[in-house]
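Written below as structure tokens is the structure these notes are about.
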Amino acid sequence: MNRIQNAFQQDKKLLNIYFTAGYPQLESTVPILRALADAGADVIEIGVPFSDPLADGPVIQASSSVALQNGMNMRVLFGQLKDVREQVPNTPILLMGYLNPVMQFGVENFCREAAAAGVDGVILPDLPLDDYVAEYQDIFRRHNLRPVFLITPQTAPERIRRIDELTESFLYLVSGPGTTGGANTQAEGVQEAYFQRISDMNLRNPRLVGFGISDKQSFDAACQHAEGAIIGSALIKALEGTDDAPAAAAAFVSSIIK
């Protein structure tokens with residue numbers, strides 16, 4: 001059983017927390033990662049900064065711009081993560097990014113480096129499902145990296161079932177339209193129908209809800225429909241202007257799971 005599967009064995013709603021590698025400082029990545037794990041985050045997503053992040057709202061886009069200016073890139077990130085499992089042995093770690101930088105780095109090289117660093121899974125929102133199956137699935141499996149695919153209210157049932165079939169981690173349920181960090185504009189009745197539709201499909205993988213979740217209240221509400229929820233932009237906001245990013249990250253986690 002891998003670290004992601006172990007996380008979902010817990011008798012609790014899981015907090016999946018996202019932060020941007022190299023933000024607010026280039027060397028912030030591992031200290032923040034360690035602080036999040038020590039504070040009780042159940043799954044941690046490390047955002048790989050990219051200049052054109054299609055699914056990210058303005059807060060994460062801004063953090064990515066700062067990280068890139070700081071000198072963060074794929075090679076630097078893997079160097080920072082080289083010994084991270086000595087400090088964070090059990091918490092699942094996922095990389096969240098976009099296909100273009102991965103292809104520039106080389107998919108095989110990316111998977112090899114990620115696996116060597118102890119990364120458990122990868123979220124690439126712009127990776128077409130058919131391309132993954134035809135070109136990359138064998139590479140991911142060879143390196144024991146588990147892809148996470150997004151499901152939205154507009155995703156067709158047949159596609160949802162195919163995603164569920166291909167998934168060996170969890171299903172990322174996008175709560176409504178828009179990008180990360182924005183107000184959830186999905187009407188409550190429509191959102192309830194969406195979550196109920198997913199539940200009625202009796203899918204085999206656990207689910208986490210993301211987009212528009214920012215505090216304990218919205219986290220608890222999202223957890224009514226899944227095994228946990230994902231928070232990103234709100235943590236990035238908590239890191240803005242702080243003199244002690246790891247302490248701010250730990251305090252934010254504590255505010256959600258208290």
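The chains in the structure tokens are called A, B, ... from first to last as shown; in each chain the residues are counted from 1, and the ligands are counted from 1 in the order shown.
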Q: Can you check which residues of range 111-172 of chain A DSSP gives as alpha helix (DSSP H) on the backbone and send them as a list in words?
A: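 The alpha helix (DSSP H) subset of range 111-172 of chain A is Cys111, Arg112, Glu113, Ala114, Ala115, Ala116, Leu129, Asp130, Asp131, Gln137, Asp138, Ile139, Phe140, Arg141, Arg142, Pro157, Glu158, Arg159, Ile160, Arg161, Arg162, Ile163, Asp164, Glu165 and Leu166 of chain A.
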Would you output that residue set with C-alpha atoms, as a PDB file, in the first residue's frame?
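As a result, again-v1.pdb now contains:
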ATOM      1  CA  CYS A 111       9.198  10.792 -13.609  1.00  0.00           C
ATOM      2  CA  ARG A 112      12.601   9.404 -12.676  1.00  0.00           C
ATOM      3  CA  GLU A 113      13.567  12.512 -10.688  1.00  0.00           C
ATOM      4  CA  ALA A 114      10.164  12.728  -9.015  1.00  0.00           C
ATOM      5  CA  ALA A 115      10.283   9.095  -7.963  1.00  0.00           C
ATOM      6  CA  ALA A 116      13.839   9.467  -6.660  1.00  0.00           C
ATOM      7  CA  LEU A 129      -6.487  11.681 -21.045  1.00  0.00           C
ATOM      8  CA  ASP A 130      -5.964   9.952 -24.391  1.00  0.00           C
ATOM      9  CA  ASP A 131      -2.378  11.215 -24.589  1.00  0.00           C
ATOM     10  CA  GLN A 137       0.924   5.717 -18.696  1.00  0.00           C
ATOM     11  CA  ASP A 138       3.666   3.111 -18.894  1.00  0.00           C
ATOM     12  CA  ILE A 139       6.299   5.671 -17.874  1.00  0.00           C
ATOM     13  CA  PHE A 140       4.275   6.834 -14.876  1.00  0.00           C
ATOM     14  CA  ARG A 141       3.632   3.264 -13.768  1.00  0.00           C
ATOM     15  CA  ARG A 142       7.265   2.271 -14.180  1.00  0.00           C
ATOM     16  CA  PRO A 157     -20.368  10.394 -17.160  1.00  0.00           C
ATOM     17  CA  GLU A 158     -18.437   8.173 -19.581  1.00  0.00           C
ATOM     18  CA  ARG A 159     -15.322  10.294 -19.105  1.00  0.00           C
ATOM     19  CA  ILE A 160     -15.738  10.204 -15.328  1.00  0.00           C
ATOM     20  CA  ARG A 161     -15.859   6.416 -15.401  1.00  0.00           C
ATOM     21  CA  ARG A 162     -12.774   6.269 -17.604  1.00  0.00           C
ATOM     22  CA  ILE A 163     -10.909   8.590 -15.226  1.00  0.00           C
ATOM     23  CA  ASP A 164     -11.977   6.396 -12.325  1.00  0.00           C
ATOM     24  CA  GLU A 165     -10.713   3.327 -14.160  1.00  0.00           C
ATOM     25  CA  LEU A 166      -7.316   4.920 -14.850  1.00  0.00           C
TER      26      LEU A 166
END
Against range 17-32 of chain A, which residues of range 56-136 of chain A fall within 10 Å? For each one I want the closest pair of atoms and the distance in Å (one decimal), counting only C-alpha atoms, rows by chain and increasing residue number, as a Markdown table.
| residue | atom | partner | partner_atom | distance |
| --- | --- | --- | --- | --- |
| A:Ile60 | CA | A:Thr20 | CA | 7.4 |
| A:Gln61 | CA | A:Thr20 | CA | 9.5 |
| A:Ala62 | CA | A:Tyr23 | CA | 9.9 |
| A:Ser63 | CA | A:Tyr23 | CA | 6.2 |
| A:Ser64 | CA | A:Thr20 | CA | 6.5 |
| A:Ser65 | CA | A:Tyr23 | CA | 9.2 |
| A:Val66 | CA | A:Tyr23 | CA | 6.7 |
| A:Ala67 | CA | A:Gly22 | CA | 4.8 |
| A:Leu68 | CA | A:Gly22 | CA | 7.7 |
| A:Gln69 | CA | A:Leu26 | CA | 9.0 |
| A:Asn70 | CA | A:Leu26 | CA | 5.4 |
| A:Gly71 | CA | A:Leu26 | CA | 6.7 |
| A:Met72 | CA | A:Gly22 | CA | 5.6 |
| A:Asn73 | CA | A:Gly22 | CA | 8.6 |
| A:Met74 | CA | A:Ala21 | CA | 9.6 |
| A:Val76 | CA | A:Gly22 | CA | 9.1 |
| A:Leu77 | CA | A:Ala21 | CA | 7.1 |
| A:Gln80 | CA | A:Val30 | CA | 6.9 |
| A:Leu81 | CA | A:Val30 | CA | 7.0 |
| A:Asp83 | CA | A:Val30 | CA | 9.6 |
| A:Val84 | CA | A:Val30 | CA | 7.1 |
| A:Gln87 | CA | A:Val30 | CA | 8.9 |
| A:Val88 | CA | A:Val30 | CA | 9.3 |
| A:Ile93 | CA | A:Ile17 | CA | 10.0 |
| A:Leu94 | CA | A:Tyr18 | CA | 9.2 |
| A:Leu95 | CA | A:Tyr18 | CA | 9.4 |
| A:Met96 | CA | A:Tyr18 | CA | 8.5 |
| A:Gly97 | CA | A:Thr20 | CA | 9.9 |
Just N, CA and C atoms for this one: save the residues we selected as a compact mmCIF listing (two decimals), in the first residue's frame.
# COMPACT_ATOMS: atom_id res chain seq x y z
N ILE A 60 -2.36 32.32 -7.05
CA ILE A 60 -1.33 31.33 -7.36
C ILE A 60 -0.49 31.78 -8.55
N GLN A 61 -1.11 32.45 -9.53
CA GLN A 61 -0.34 32.98 -10.64
C GLN A 61 0.73 33.95 -10.14
N ALA A 62 0.35 34.82 -9.21
CA ALA A 62 1.31 35.80 -8.67
C ALA A 62 2.43 35.09 -7.93
N SER A 63 2.10 34.05 -7.16
CA SER A 63 3.14 33.33 -6.43
C SER A 63 4.08 32.61 -7.40
N SER A 64 3.53 32.11 -8.51
CA SER A 64 4.37 31.47 -9.51
C SER A 64 5.32 32.47 -10.15
N SER A 65 4.84 33.68 -10.40
CA SER A 65 5.70 34.71 -10.98
C SER A 65 6.85 35.04 -10.05
N VAL A 66 6.55 35.18 -8.76
CA VAL A 66 7.60 35.46 -7.77
C VAL A 66 8.60 34.30 -7.73
N ALA A 67 8.07 33.08 -7.70
CA ALA A 67 8.96 31.91 -7.63
C ALA A 67 9.89 31.84 -8.85
N LEU A 68 9.34 32.11 -10.03
CA LEU A 68 10.18 32.10 -11.23
C LEU A 68 11.25 33.19 -11.16
N GLN A 69 10.86 34.36 -10.67
CA GLN A 69 11.84 35.44 -10.49
C GLN A 69 12.90 35.05 -9.47
N ASN A 70 12.50 34.25 -8.48
CA ASN A 70 13.46 33.79 -7.47
C ASN A 70 14.46 32.78 -8.03
N GLY A 71 14.14 32.22 -9.19
CA GLY A 71 15.04 31.25 -9.81
C GLY A 71 14.56 29.82 -9.74
N MET A 72 13.30 29.61 -9.35
CA MET A 72 12.77 28.25 -9.27
C MET A 72 12.55 27.68 -10.66
N ASN A 73 12.96 26.44 -10.84
CA ASN A 73 12.66 25.68 -12.04
C ASN A 73 12.66 24.20 -11.67
N MET A 74 12.41 23.35 -12.63
CA MET A 74 12.27 21.93 -12.33
C MET A 74 13.54 21.35 -11.72
N VAL A 76 15.97 22.88 -10.10
CA VAL A 76 16.17 23.40 -8.74
C VAL A 76 15.24 22.69 -7.77
N LEU A 77 13.99 22.51 -8.16
CA LEU A 77 13.02 21.85 -7.28
C LEU A 77 13.45 20.43 -6.93
N GLN A 80 16.11 20.49 -4.42
CA GLN A 80 15.62 20.78 -3.07
C GLN A 80 14.96 19.57 -2.44
N LEU A 81 14.29 18.76 -3.24
CA LEU A 81 13.54 17.62 -2.71
C LEU A 81 14.39 16.36 -2.54
N ASP A 83 16.50 15.04 -0.49
CA ASP A 83 16.51 14.30 0.77
C ASP A 83 15.27 14.56 1.61
N VAL A 84 14.18 14.99 0.97
CA VAL A 84 13.02 15.43 1.74
C VAL A 84 12.37 14.29 2.52
N GLN A 87 12.99 14.01 6.14
CA GLN A 87 12.30 14.96 7.01
C GLN A 87 10.79 14.75 7.03
N VAL A 88 10.24 14.30 5.91
CA VAL A 88 8.80 14.08 5.79
C VAL A 88 8.60 12.66 5.26
N ILE A 93 3.16 13.26 -1.09
CA ILE A 93 3.58 14.47 -1.78
C ILE A 93 3.23 14.33 -3.25
N LEU A 94 2.56 15.36 -3.78
CA LEU A 94 2.22 15.40 -5.19
C LEU A 94 2.83 16.65 -5.80
N LEU A 95 3.19 16.56 -7.06
CA LEU A 95 3.60 17.72 -7.83
C LEU A 95 2.43 18.15 -8.70
N MET A 96 2.12 19.45 -8.64
CA MET A 96 1.04 19.99 -9.47
C MET A 96 1.66 20.98 -10.45
N GLY A 97 1.48 20.74 -11.73
CA GLY A 97 2.07 21.62 -12.71
C GLY A 97 1.38 21.49 -14.05
**Q.** Counting only C-alpha atoms, the residue of A:Ala37, A:Ile198, A:Val107, A:Ala250 that sits nearest Ile151 in chain A
**A.**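 Smallest distance to Ile151 in chain A is found for A:Ile198.
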Listing only residues of range 203-242 of chain A within 8 Å of range 10-13 of chain A, what is the closest atom pair and its distance in Å (to one decimal) for each, using only C-alpha atoms, sorted by chain and residue number ascending, as CSV?
residue,atom,partner,partner_atom,distance
A:Cys223,CA,A:Lys13,CA,6.5
A:Glu227,CA,A:Lys13,CA,5.3
A:Gly228,CA,A:Lys13,CA,4.6
A:Ala229,CA,A:Lys13,CA,7.8
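Our summary of the geometry notes that CA of Asn205 in chain A is positioned 14.3 Å from CA of Leu14 in chain A.
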Q) Pick from A:Lys237, A:Arg197, A:His143, A:His225: nearest to Ala156 in chain A, with only C-alpha atoms counted? A)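 Looking at the shortest contact to Ala156 in chain A, the residue is A:Arg197.
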